[in-house]
file model35.txt (compact mmCIF, C-alpha atoms and all ligand atoms)
# COMPACT_ATOMS: atom_id res chain seq x y z
CA MET A 1 20.80 8.64 -25.42
CA PHE A 2 19.72 5.40 -23.83
CA SER A 3 16.82 5.13 -26.23
CA SER A 4 18.78 5.16 -29.50
CA ASN A 5 18.80 1.99 -31.63
CA HIS A 6 22.53 2.24 -32.09
CA GLU A 7 23.12 1.52 -28.40
CA THR A 8 21.17 -1.72 -28.55
CA THR A 9 24.21 -3.53 -29.81
CA ASN A 10 26.82 -1.76 -27.67
CA PRO A 11 27.68 -3.56 -24.46
CA ILE A 12 26.72 -1.63 -21.37
CA THR A 13 27.08 -2.43 -17.68
CA LEU A 14 24.24 -2.42 -15.19
CA GLY A 15 25.82 0.59 -13.51
CA GLU A 16 25.81 2.56 -16.78
CA ALA A 17 22.26 1.48 -17.54
CA ILE A 18 21.10 2.69 -14.11
CA GLU A 19 22.74 6.08 -14.62
CA ARG A 20 21.23 6.60 -18.06
CA CYS A 21 17.85 5.40 -16.94
CA CYS A 22 17.95 7.74 -13.96
CA LYS A 23 18.82 10.70 -16.20
CA GLU A 24 15.90 9.95 -18.52
CA LEU A 25 13.50 9.62 -15.62
CA GLU A 26 14.74 12.84 -14.03
CA THR A 27 14.18 14.86 -17.19
CA SER A 28 10.71 13.38 -17.78
CA ASP A 29 7.30 14.21 -16.28
CA ALA A 30 7.30 10.94 -14.30
CA PHE A 31 6.13 11.32 -10.70
CA PHE A 32 7.68 9.17 -7.97
CA GLY A 33 5.19 8.21 -5.28
CA HIS A 34 4.50 4.50 -5.64
CA GLY A 35 7.04 2.75 -3.46
CA THR A 36 9.96 5.02 -4.43
CA ASP A 37 10.35 8.77 -4.13
CA ASN A 38 13.17 9.43 -6.58
CA ALA A 39 14.43 8.63 -10.06
CA TRP A 40 17.56 6.79 -8.92
CA ASP A 41 15.68 4.16 -6.88
CA GLU A 42 13.30 3.54 -9.79
CA ALA A 43 16.21 3.20 -12.20
CA VAL A 44 17.83 0.64 -9.90
CA GLN A 45 14.58 -1.34 -9.64
CA LEU A 46 14.04 -1.26 -13.39
CA VAL A 47 17.53 -2.37 -14.32
CA LEU A 48 17.66 -5.13 -11.69
CA ALA A 49 14.27 -6.36 -12.87
CA VAL A 50 15.28 -6.70 -16.53
CA ALA A 51 18.59 -8.30 -15.46
CA ARG A 52 16.46 -10.80 -13.43
CA LEU A 53 18.41 -9.96 -10.28
CA PRO A 54 16.94 -9.65 -6.78
CA ALA A 55 15.88 -6.15 -5.72
CA ASN A 56 18.33 -6.26 -2.80
CA SER A 57 21.39 -7.10 -4.94
CA GLY A 58 24.69 -5.54 -3.80
CA GLN A 59 27.15 -3.21 -5.57
CA GLU A 60 29.00 -6.20 -7.06
CA VAL A 61 26.39 -6.56 -9.82
CA LEU A 62 27.05 -3.05 -11.22
CA GLN A 63 29.89 -4.22 -13.46
CA SER A 64 27.89 -7.08 -15.03
CA GLU A 65 26.83 -6.59 -18.59
CA LEU A 66 23.26 -5.95 -19.68
CA ARG A 67 22.60 -8.16 -22.72
CA SER A 68 21.13 -6.57 -25.85
CA GLU A 69 17.71 -8.21 -25.40
CA GLN A 70 17.68 -6.96 -21.81
CA GLN A 71 18.54 -3.47 -23.07
CA ALA A 72 15.61 -3.69 -25.47
CA GLU A 73 13.29 -4.74 -22.63
CA LEU A 74 14.59 -1.89 -20.49
CA ARG A 75 13.98 0.66 -23.24
CA ALA A 76 10.42 -0.59 -23.72
CA LEU A 77 9.64 -0.42 -19.98
CA LEU A 78 11.25 2.99 -19.62
CA HIS A 79 9.26 4.26 -22.58
CA ARG A 80 5.98 3.14 -20.97
CA ARG A 81 6.99 4.50 -17.56
CA ILE A 82 7.70 7.92 -19.07
CA HIS A 83 5.04 8.21 -21.77
CA GLU A 84 2.12 6.37 -20.17
CA GLN A 85 3.18 7.47 -16.67
CA LEU A 86 2.22 4.11 -15.23
CA PRO A 87 3.55 3.45 -11.71
CA LEU A 88 6.63 1.22 -11.95
CA PRO A 89 5.17 -1.66 -9.85
CA TYR A 90 2.36 -2.05 -12.43
CA LEU A 91 4.94 -2.35 -15.19
CA LEU A 92 7.02 -4.87 -13.26
CA GLY A 93 3.99 -6.78 -11.98
CA ARG A 94 5.27 -6.76 -8.43
CA ALA A 95 5.81 -4.55 -5.43
CA TRP A 96 7.60 -4.82 -2.11
CA PHE A 97 5.88 -4.24 1.20
CA ALA A 98 7.15 -4.96 4.72
CA GLY A 99 10.06 -6.88 3.22
CA LEU A 100 7.81 -9.17 1.16
CA GLU A 101 7.25 -9.34 -2.57
CA PHE A 102 3.64 -9.03 -3.76
CA LEU A 103 2.01 -9.43 -7.15
CA CYS A 104 0.87 -6.00 -8.24
CA ASP A 105 -1.43 -4.93 -11.05
CA GLN A 106 -4.21 -2.46 -11.79
CA ARG A 107 -6.80 -4.54 -9.95
CA ALA A 108 -5.63 -2.75 -6.78
CA ILE A 109 -3.63 0.22 -5.59
CA VAL A 110 0.18 -0.05 -5.44
CA PRO A 111 1.22 -1.03 -1.87
CA ARG A 112 2.96 1.83 -0.05
CA SER A 113 1.23 2.21 3.29
CA PRO A 114 3.32 3.33 6.29
CA LEU A 115 1.35 0.74 8.28
CA ALA A 116 4.14 -1.68 7.25
CA GLU A 117 6.29 -0.08 9.94
CA LEU A 118 3.78 -0.85 12.70
CA ILE A 119 3.44 -4.44 11.55
CA LEU A 120 7.22 -4.88 11.70
CA ASN A 121 7.40 -3.17 15.11
CA GLY A 122 4.90 -5.55 16.69
CA PHE A 123 2.36 -2.65 16.90
CA GLN A 124 4.48 -1.16 19.66
CA PRO A 125 4.25 1.04 21.62
CA TRP A 126 0.54 1.28 20.80
CA TYR A 127 -1.00 -2.14 21.41
CA PHE A 128 -1.33 -3.11 25.08
CA GLY A 129 -3.59 -6.16 24.90
CA PRO A 130 -2.72 -9.86 25.08
CA GLU A 131 -0.87 -11.49 22.17
CA PRO A 132 -3.10 -10.64 19.19
CA ARG A 133 -5.06 -13.65 17.90
CA ARG A 134 -7.43 -12.03 15.42
CA ILE A 135 -6.53 -9.16 13.16
CA LEU A 136 -8.65 -7.47 10.49
CA ASP A 137 -7.31 -5.71 7.40
CA LEU A 138 -10.27 -3.56 6.38
CA CYS A 139 -9.96 -2.18 2.82
CA CYS A 140 -7.30 -4.75 1.94
CA GLY A 141 -6.80 -4.02 -1.78
CA GLY A 142 -4.27 -6.55 -3.07
CA GLY A 143 -3.80 -7.83 0.49
CA CYS A 144 -0.37 -6.43 1.40
CA ILE A 145 -1.25 -5.35 4.97
CA GLY A 146 -3.24 -8.39 6.05
CA LEU A 147 -0.95 -10.88 4.33
CA ALA A 148 2.16 -9.28 5.86
CA VAL A 149 0.44 -9.62 9.27
CA ALA A 150 -0.32 -13.29 8.56
CA HIS A 151 3.28 -13.86 7.48
CA TYR A 152 4.89 -12.23 10.54
CA TYR A 153 2.31 -13.37 13.13
CA PRO A 154 1.92 -17.10 12.56
CA ASN A 155 -0.42 -17.51 15.56
CA CYS A 156 -2.89 -15.00 14.20
CA GLN A 157 -6.14 -15.51 12.36
CA VAL A 158 -6.37 -12.73 9.76
CA ASP A 159 -9.39 -11.48 7.82
CA LEU A 160 -8.94 -9.42 4.65
CA VAL A 161 -11.92 -7.32 3.59
CA ASP A 162 -12.63 -5.17 0.55
CA ILE A 163 -15.68 -4.14 -1.44
CA ASP A 164 -13.96 -4.55 -4.79
CA ARG A 165 -13.98 -8.01 -6.41
CA ASP A 166 -10.93 -7.27 -8.54
CA ALA A 167 -8.87 -6.23 -5.53
CA LEU A 168 -10.02 -9.37 -3.70
CA ALA A 169 -8.95 -11.53 -6.66
CA LEU A 170 -5.45 -10.04 -6.37
CA SER A 171 -5.51 -10.73 -2.62
CA HIS A 172 -6.32 -14.36 -3.42
CA ASP A 173 -3.35 -14.53 -5.81
CA ASN A 174 -1.06 -12.99 -3.22
CA ARG A 175 -2.29 -15.32 -0.47
CA GLU A 176 -1.38 -18.24 -2.69
CA ARG A 177 1.98 -16.74 -3.62
CA LEU A 178 2.91 -16.26 0.04
CA ASP A 179 1.67 -19.74 0.82
CA LEU A 180 -0.77 -18.58 3.48
CA GLY A 181 -3.64 -21.02 3.79
CA GLU A 182 -7.36 -20.31 3.68
CA GLY A 183 -7.66 -21.69 7.21
CA ARG A 184 -5.76 -18.79 8.71
CA VAL A 185 -6.46 -16.02 6.20
CA ARG A 186 -10.06 -15.37 5.17
CA ILE A 187 -10.74 -13.08 2.22
CA ILE A 188 -14.17 -11.48 2.45
CA GLN A 189 -16.17 -9.12 0.25
CA SER A 190 -17.90 -6.48 2.34
CA ASP A 191 -18.92 -2.84 2.25
CA GLY A 192 -17.01 -1.67 5.32
CA PHE A 193 -18.11 -3.80 8.28
CA ALA A 194 -21.58 -4.37 6.81
CA ASP A 195 -21.21 -7.99 5.71
CA LEU A 196 -18.90 -9.29 8.45
CA ASP A 197 -19.87 -11.88 11.04
CA ASN A 198 -19.66 -11.04 14.75
CA THR A 199 -15.93 -11.70 15.14
CA ARG A 200 -14.16 -9.38 17.59
CA TYR A 201 -10.63 -8.41 16.58
CA ASP A 202 -7.63 -7.55 18.73
CA ILE A 203 -6.40 -5.17 16.08
CA ILE A 204 -8.17 -3.57 13.11
CA LEU A 205 -5.83 -2.13 10.51
CA THR A 206 -7.33 0.03 7.83
CA ASN A 207 -6.00 2.00 4.90
CA PRO A 208 -9.29 3.20 3.42
CA PRO A 209 -9.62 5.55 0.45
CA TYR A 210 -8.99 9.04 1.87
CA VAL A 211 -8.22 11.47 -0.94
CA ASP A 212 -10.45 14.55 -0.93
CA ALA A 213 -12.19 15.65 -4.12
CA LEU A 214 -9.92 18.64 -4.74
CA GLU A 215 -6.68 16.72 -4.23
CA LEU A 216 -7.91 13.91 -6.47
CA GLU A 217 -8.29 16.26 -9.42
CA SER A 218 -4.77 17.62 -9.10
CA MET A 219 -2.95 14.31 -8.58
CA PRO A 220 -0.19 13.30 -11.01
CA ARG A 221 -1.18 11.00 -13.87
CA GLU A 222 0.32 7.92 -12.15
CA TYR A 223 -2.46 8.00 -9.54
CA HIS A 224 -5.16 7.93 -12.19
CA ALA A 225 -3.88 4.50 -13.26
CA GLU A 226 -5.05 3.18 -9.86
CA PRO A 227 -8.67 2.17 -9.14
CA ALA A 228 -10.67 5.31 -8.29
CA LEU A 229 -12.46 3.33 -5.58
CA ALA A 230 -9.13 2.99 -3.77
CA LEU A 231 -8.50 6.74 -3.56
CA ALA A 232 -11.67 8.80 -3.49
CA SER A 233 -13.94 9.08 -0.47
CA GLY A 234 -16.19 12.12 -0.77
CA ALA A 235 -15.58 15.85 -0.57
CA ASP A 236 -13.29 15.77 2.48
CA GLY A 237 -11.87 12.29 1.77
CA LEU A 238 -13.37 10.92 4.96
CA ASP A 239 -16.71 9.32 4.03
CA LEU A 240 -15.50 5.80 4.70
CA THR A 241 -13.26 6.72 7.64
CA ARG A 242 -16.23 8.31 9.43
CA SER A 243 -18.30 5.17 9.04
CA ILE A 244 -15.36 3.02 10.23
CA LEU A 245 -15.01 5.18 13.36
CA ALA A 246 -18.74 4.85 13.99
CA SER A 247 -18.71 1.02 13.85
CA ALA A 248 -15.21 -0.13 14.84
CA LEU A 249 -16.09 -0.56 18.52
CA ASP A 250 -18.59 -3.32 17.67
CA PHE A 251 -15.78 -5.33 16.06
CA LEU A 252 -12.98 -4.83 18.61
CA SER A 253 -12.13 -6.81 21.72
CA GLU A 254 -12.12 -4.87 25.03
CA THR A 255 -8.38 -4.22 24.77
CA GLY A 256 -8.54 -3.85 20.99
CA LEU A 257 -6.89 -1.19 18.87
CA LEU A 258 -7.94 0.54 15.65
CA ILE A 259 -5.03 1.65 13.47
CA GLY A 260 -6.05 3.83 10.53
CA GLU A 261 -4.40 5.78 7.76
CA VAL A 262 -5.86 9.00 6.39
CA GLY A 263 -2.78 10.61 4.78
CA HIS A 264 -3.09 14.34 4.07
CA SER A 265 -6.72 14.21 5.19
CA TRP A 266 -5.62 14.12 8.85
CA ARG A 267 -6.30 17.85 9.05
CA ASN A 268 -9.88 17.29 7.82
CA LEU A 269 -10.29 14.55 10.43
CA GLU A 270 -9.17 16.87 13.24
CA ARG A 271 -11.49 19.60 11.95
CA ARG A 272 -14.40 17.15 11.76
CA TYR A 273 -13.92 15.92 15.35
CA PRO A 274 -12.44 18.91 17.22
CA THR A 275 -13.02 17.38 20.67
CA VAL A 276 -11.25 14.09 19.92
CA PRO A 277 -7.52 14.08 20.83
CA PHE A 278 -6.24 11.90 17.98
CA THR A 279 -2.92 10.11 18.50
CA TRP A 280 -0.83 10.44 15.34
CA VAL A 281 1.99 7.96 14.77
CA GLU A 282 5.31 9.29 13.56
CA CYS A 283 6.56 6.88 10.94
CA GLU A 284 10.33 6.72 10.52
CA GLY A 285 10.00 5.73 6.87
CA GLY A 286 7.85 8.79 6.10
CA GLY A 287 4.14 9.03 5.46
CA GLU A 288 1.63 10.97 7.50
CA GLY A 289 -1.85 10.64 8.85
CA VAL A 290 -1.63 7.32 10.72
CA PHE A 291 -3.74 7.32 13.88
CA VAL A 292 -4.23 4.78 16.64
CA MET A 293 -7.36 4.61 18.76
CA SER A 294 -8.13 2.09 21.49
CA ALA A 295 -11.53 0.48 22.00
CA GLU A 296 -11.72 2.47 25.23
CA GLU A 297 -11.24 5.77 23.34
CA LEU A 298 -13.74 4.77 20.67
CA GLN A 299 -16.22 4.21 23.48
CA LYS A 300 -15.32 7.46 25.25
CA TYR A 301 -15.94 9.54 22.13
CA SER A 302 -18.83 7.45 20.82
CA ASP A 303 -21.18 10.47 20.72
CA CYS A 304 -18.82 12.22 18.28
CA TRP A 305 -18.96 9.39 15.73
CA GLN A 306 -22.74 9.51 15.59
CA ASP A 307 -22.86 13.21 14.54
C1 LIG B 401 -6.16 2.94 -0.24
S1 LIG B 401 -6.66 1.36 -0.84
C2 LIG B 401 -5.76 0.35 0.29
C3 LIG B 401 -5.39 -1.00 -0.25
C4 LIG B 401 -4.40 -1.77 0.60
N1 LIG B 401 -4.85 -1.93 1.95
C5 LIG B 401 -3.04 -1.09 0.60
O1 LIG B 401 -2.65 -0.54 1.63
O2 LIG B 401 -2.35 -1.13 -0.44
C6 LIG B 401 -8.33 1.34 -0.27
C7 LIG B 401 -9.12 0.08 -0.56
O3 LIG B 401 -10.43 0.28 0.02
C8 LIG B 401 -11.36 -0.39 -0.78
N2 LIG B 401 -12.70 0.16 -0.49
C9 LIG B 401 -13.27 1.30 -0.96
N3 LIG B 401 -14.51 1.45 -0.45
C10 LIG B 401 -14.73 0.39 0.38
C11 LIG B 401 -15.81 -0.01 1.18
N4 LIG B 401 -16.95 0.71 1.28
N5 LIG B 401 -15.70 -1.16 1.89
C12 LIG B 401 -14.57 -1.91 1.83
N6 LIG B 401 -13.50 -1.58 1.05
C13 LIG B 401 -13.57 -0.43 0.35
C14 LIG B 401 -10.89 -0.14 -2.19
O4 LIG B 401 -11.43 -1.09 -3.08
C15 LIG B 401 -9.36 -0.24 -2.02
O5 LIG B 401 -8.93 -1.52 -2.32

call {"tool": "encode", "arguments": {"input": "model35.txt", "output": "structure tokens", "more": "lines below"}}
Ligand SMILES: C[S@@+](CC[C@H](N)C(=O)[O-])C[C@H]1O[C@@H](n2cnc3c(N)ncnc32)[C@H](O)[C@@H]1O
result
Amino acid sequence: MFSSNHETTNPITLGEAIERCCKELETSDAFFGHGTDNAWDEAVQLVLAVARLPANSGQEVLQSELRSEQQAELRALLHRRIHEQLPLPYLLGRAWFAGLEFLCDQRAIVPRSPLAELILNGFQPWYFGPEPRRILDLCCGGGCIGLAVAHYYPNCQVDLVDIDRDALALSHDNRERLDLGEGRVRIIQSDGFADLDNTRYDIILTNPPYVDALELESMPREYHAEPALALASGADGLDLTRSILASALDFLSETGLLIGEVGHSWRNLERRYPTVPFTWVECEGGGEGVFVMSAEELQKYSDCWQD
């Protein structure tokens, strides 16, 4: 067994460590839903992290030896992952999103939004306006979406907004880590749009809390390590999304686009607004419930949002 003391002193390669780690994860109650969806990928991340190797290391590292103190660190992390069922990014203190490394801790949810794909695709084929100059990340958490936008769109002014001070503090840390200046990236505390100035955005990206009350209760333990404010949003999971739909038009340019994520709650959203033909984005990397809605559509269905 990987966890026996005896093995501490035996030399073992990274490849062997990954296999043993994977086996232990597979036979545990650990749930994989925070940036990985299987035991093998988590084992690779864990072993590379304790070996202080980059996450995108190639096969050539598999034969390197894991030193005994690194084995001890691995055992300790694996123990916490399995017995405390903490998401791996919280244990490692970092997470990857849109090809960038972010600081990650329990001040905010673990980054995993499929919106990364749209950022990397230049918001195509959904955004038809002029080159975007102002983009809003509403419900920014630790800042992954807005900061990735700022990184990949150097001509853009980006605002990051969240209601939670802790999440905003992590956004500040990540802004500094990615060397994105205050001049171009503002970090603002606001309840939805309530405390924003009258800026009009070309694109509003939002990954609000959207888990419905029933689903929240039955979620694996890993999710309960995340801030409740980041997951729950009323009985049908759509309290905040409804208020975003009702106000987004006032904060979009004429050719602006709202891009929102509602995960499994997409069915509730369709039920709530049966006359609105939502456009759902198919994400190649998986993930469901991403919709796009132009300013024109928000205007067209404005009566629906007021119900
Ligand atoms: C699902 S998390 C998304 C975090 C981040 N954008 C990401 O993708 O990892 C939702 C975020 O919405 C924030 N939030 C909840 N209610 C809010 C509100 N009324 N106004 C602004 N932000 C809110 C939470 O604090 C949390 O950080």

call {"tool": "residues_around", "arguments": {"input": "model35.txt", "residues": "stretch 22-29 of chain A", "least_positions_apart": "3", "cutoff": "10 Å", "atoms": "only C-alpha atoms", "output": "list in words"}}
result
Met1, Phe2, Ser3, Glu16, Ala17, Ile18, Glu19, Phe32, Asn38, Ala39, Trp40, Asp41, Glu42, Ala43, Val44, Leu46, Leu78, His79, Arg81, Ile82, His83, Gln85, Pro220 and Arg221 of chain A

call {"tool": "atom_distance", "arguments": {"input": "model35.txt", "atom1": "atom CA of A:Leu231", "atom2": "atom CA of A:Ile188"}}
result
20.0 Å

call {"tool": "residues_near_ligand", "arguments": {"input": "model35.txt", "ligand": "ligand LIG 401 (chain B)", "cutoff": "6 Å", "atoms": "only C-alpha atoms and all ligand atoms", "output": "NGL selection string"}}
result
:A and (108-111 or 113 or 139-141 or 144-145 or 162-164 or 167 or 190-192 or 207-209 or 229-231)

call {"tool": "atom_distance", "arguments": {"input": "model35.txt", "atom1": "atom CA of A:Ser243", "atom2": "atom CA of A:Tyr273"}}
result
13.2 Å

call {"tool": "residues_around", "arguments": {"input": "model35.txt", "residues": "A:Ala98", "least_positions_apart": "4", "cutoff": "9 Å", "atoms": "all atoms listed in the file", "output": "list in words"}}
result
Leu115, Ala116, Glu117, Ile119, Leu120, Cys144, Ile145 and Ala148 of chain A

call {"tool": "atom_distance", "arguments": {"input": "model35.txt", "atom1": "atom CA of A:Gly287", "atom2": "atom CA of A:Thr206"}}
result
14.8 Å

call {"tool": "build_atoms", "arguments": {"input": "model35.txt", "residues": "stretch 73-91 of chain A", "atoms": "N, CA and C atoms", "output": "compact mmCIF listing (two decimals), in the coordinates of the input"}}
result
# COMPACT_ATOMS: atom_id res chain seq x y z
N GLU A 73 14.39 -4.66 -23.60
CA GLU A 73 13.29 -4.74 -22.63
C GLU A 73 13.28 -3.49 -21.73
N LEU A 74 14.48 -3.08 -21.34
CA LEU A 74 14.59 -1.89 -20.49
C LEU A 74 14.06 -0.65 -21.21
N ARG A 75 14.44 -0.51 -22.48
CA ARG A 75 13.98 0.66 -23.24
C ARG A 75 12.46 0.68 -23.34
N ALA A 76 11.88 -0.52 -23.57
CA ALA A 76 10.42 -0.59 -23.72
C ALA A 76 9.73 -0.21 -22.40
N LEU A 77 10.26 -0.73 -21.29
CA LEU A 77 9.64 -0.42 -19.98
C LEU A 77 9.80 1.06 -19.64
N LEU A 78 10.99 1.58 -19.92
CA LEU A 78 11.25 2.99 -19.62
C LEU A 78 10.33 3.88 -20.45
N HIS A 79 10.13 3.49 -21.70
CA HIS A 79 9.26 4.26 -22.58
C HIS A 79 7.84 4.32 -21.99
N ARG A 80 7.34 3.17 -21.55
CA ARG A 80 5.98 3.14 -20.97
C ARG A 80 5.93 3.93 -19.66
N ARG A 81 6.97 3.77 -18.84
CA ARG A 81 6.99 4.50 -17.56
C ARG A 81 6.91 6.00 -17.80
N ILE A 82 7.63 6.48 -18.82
CA ILE A 82 7.70 7.92 -19.07
C ILE A 82 6.49 8.42 -19.86
N HIS A 83 6.09 7.68 -20.89
CA HIS A 83 5.04 8.21 -21.77
C HIS A 83 3.63 7.87 -21.31
N GLU A 84 3.46 6.69 -20.70
CA GLU A 84 2.12 6.37 -20.17
C GLU A 84 2.00 6.78 -18.71
N GLN A 85 3.12 7.11 -18.10
CA GLN A 85 3.18 7.47 -16.67
C GLN A 85 2.45 6.45 -15.79
N LEU A 86 2.74 5.18 -16.09
CA LEU A 86 2.22 4.11 -15.23
C LEU A 86 3.18 3.95 -14.05
N PRO A 87 2.65 3.71 -12.84
CA PRO A 87 3.55 3.45 -11.71
C PRO A 87 4.44 2.23 -12.02
N LEU A 88 5.69 2.30 -11.62
CA LEU A 88 6.63 1.22 -11.95
C LEU A 88 6.15 -0.17 -11.49
N PRO A 89 5.60 -0.31 -10.28
CA PRO A 89 5.17 -1.66 -9.85
C PRO A 89 4.15 -2.30 -10.80
N TYR A 90 3.30 -1.49 -11.46
CA TYR A 90 2.36 -2.05 -12.43
C TYR A 90 3.11 -2.59 -13.64
N LEU A 91 4.18 -1.90 -14.03
CA LEU A 91 4.94 -2.35 -15.19
C LEU A 91 5.73 -3.62 -14.87
